[in-house]
Amino acid sequence: MRTAALIATIALTALSVNAAHAADVEAGREKSASCAGCHGVDGNSQTPMNPNVAGQKEQYLVTTMLDYKNGKRQHTLMQAVLTPLSEADIRDIAAFYASQKCK
């Protein structure tokens with residue numbers, strides 16, 4: 001009985017942490033201005049050396065951006081752009097790019 005209660009508590013806590021900030025696509029559109037130079041306004045890069053981010057899975061984008069921000073992945077420009085952003089900002093940007101169509 002205690003085990004079931006503990007598992008339920010952990011599950012509810014995990015859900016509430018993820019729900020603490022529901023990603024906002026429109027906010028992400030506004031916050032993505034610094035990304036557009038390399039990845040395109042809609043996430044479709046005009047430069048072959050910069051990846052398209054449009055249509056990527058939202059959680060993949062969040063994880064990747066956080067990895068750059070925290071230094072787990074190395075790229076000087078990505079780190080510089082992402083360092084001042086909050087996790088909520090990153091989630092919004094990811095939601096925006098995930099909602100776009102890859103061309």
# chains A, B, ... in the order shown; residues from 1 in each chain; ligands from 1
>>> residues_around(residues="Ala95 in chain A", least_positions_apart="6", cutoff="9 Å", atoms="only C-alpha atoms", output="PyMOL selection string")
chain A and resi 23-26+28-29+57-59+61-62
>>> residues_around(residues="Thr64 in chain A", least_positions_apart="5", cutoff="12 Å", atoms="only C-alpha atoms", output="PyMOL selection string")
chain A and resi 53+56-59+69-75+78-79+82+87+90-91+93-94
>>> write_last_selection(atoms="N, CA and C atoms", output="JSON list (two decimals), in the first residue's frame")
[["chain", "number", "residue", "atom", "x", "y", "z"],
["A", 53, "VAL", "N", 15.08, 23.29, -38.21],
["A", 53, "VAL", "CA", 14.49, 22.88, -36.93],
["A", 53, "VAL", "C", 12.97, 22.80, -37.02],
["A", 56, "GLN", "N", 10.64, 19.49, -36.14],
["A", 56, "GLN", "CA", 11.32, 18.55, -35.25],
["A", 56, "GLN", "C", 10.43, 18.29, -34.03],
["A", 57, "LYS", "N", 10.63, 17.19, -33.37],
["A", 57, "LYS", "CA", 9.86, 16.88, -32.17],
["A", 57, "LYS", "C", 10.21, 17.89, -31.07],
["A", 58, "GLU", "N", 9.18, 18.37, -30.41],
["A", 58, "GLU", "CA", 9.33, 19.42, -29.42],
["A", 58, "GLU", "C", 10.32, 19.03, -28.31],
["A", 59, "GLN", "N", 10.18, 17.82, -27.77],
["A", 59, "GLN", "CA", 11.06, 17.41, -26.67],
["A", 59, "GLN", "C", 12.51, 17.29, -27.15],
["A", 69, "LYS", "N", 22.86, 25.03, -23.93],
["A", 69, "LYS", "CA", 22.88, 26.05, -22.86],
["A", 69, "LYS", "C", 23.76, 25.61, -21.69],
["A", 70, "ASN", "N", 23.66, 24.35, -21.32],
["A", 70, "ASN", "CA", 24.39, 23.84, -20.15],
["A", 70, "ASN", "C", 25.79, 23.33, -20.48],
["A", 71, "GLY", "N", 26.21, 23.44, -21.74],
["A", 71, "GLY", "CA", 27.56, 23.05, -22.13],
["A", 71, "GLY", "C", 27.75, 21.57, -22.41],
["A", 72, "LYS", "N", 26.68, 20.80, -22.37],
["A", 72, "LYS", "CA", 26.78, 19.37, -22.67],
["A", 72, "LYS", "C", 27.10, 19.16, -24.15],
["A", 73, "ARG", "N", 26.56, 20.04, -24.99],
["A", 73, "ARG", "CA", 26.91, 20.09, -26.41],
["A", 73, "ARG", "C", 27.66, 21.40, -26.62],
["A", 74, "GLN", "N", 28.65, 21.35, -27.47],
["A", 74, "GLN", "CA", 29.52, 22.51, -27.66],
["A", 74, "GLN", "C", 29.27, 23.21, -29.00],
["A", 75, "HIS", "N", 28.92, 24.48, -28.91],
["A", 75, "HIS", "CA", 28.81, 25.35, -30.08],
["A", 75, "HIS", "C", 28.75, 26.76, -29.52],
["A", 78, "MET", "N", 25.59, 28.92, -30.37],
["A", 78, "MET", "CA", 24.37, 28.39, -29.74],
["A", 78, "MET", "C", 24.39, 28.66, -28.23],
["A", 79, "GLN", "N", 25.53, 28.47, -27.61],
["A", 79, "GLN", "CA", 25.63, 28.72, -26.18],
["A", 79, "GLN", "C", 25.37, 30.19, -25.86],
["A", 82, "LEU", "N", 21.61, 30.89, -26.25],
["A", 82, "LEU", "CA", 20.73, 30.20, -25.31],
["A", 82, "LEU", "C", 20.99, 30.52, -23.84],
["A", 87, "GLU", "N", 14.35, 28.19, -19.07],
["A", 87, "GLU", "CA", 13.82, 26.92, -19.60],
["A", 87, "GLU", "C", 12.45, 27.14, -20.22],
["A", 90, "ILE", "N", 12.91, 28.47, -23.67],
["A", 90, "ILE", "CA", 13.35, 27.38, -24.55],
["A", 90, "ILE", "C", 12.16, 26.49, -24.91],
["A", 91, "ARG", "N", 11.30, 26.18, -23.96],
["A", 91, "ARG", "CA", 10.12, 25.36, -24.24],
["A", 91, "ARG", "C", 9.18, 26.06, -25.23],
["A", 93, "ILE", "N", 10.06, 28.32, -27.54],
["A", 93, "ILE", "CA", 10.73, 28.30, -28.85],
["A", 93, "ILE", "C", 10.60, 26.91, -29.48],
["A", 94, "ALA", "N", 10.82, 25.89, -28.68],
["A", 94, "ALA", "CA", 10.69, 24.51, -29.19],
["A", 94, "ALA", "C", 9.28, 24.23, -29.68]]
>>> atom_distance(atom1="CA of Lys103 in chain A", atom2="CA of Gln46 in chain A")
10.6 Å
>>> atom_distance(atom1="CA of Lys101 in chain A", atom2="CA of Asp67 in chain A")
23.9 Å
>>> atom_distance(atom1="CA of Thr47 in chain A", atom2="CA of Asp89 in chain A")
24.8 Å
>>> closest_residue(among="A:Pro51, A:Ser45, A:Ala88, A:Ser32", to="Leu66 in chain A", atoms="only C-alpha atoms")
A:Ala88
>>> closest_residue(among="A:Cys102, A:His21, A:Gly55, A:Met65", to="Leu77 in chain A", atoms="only C-alpha atoms")
A:Met65
>>> closest_residue(among="A:Leu85, A:Ala33, A:Cys38, A:Ala22", to="Tyr68 in chain A", atoms="only C-alpha atoms")
A:Leu85
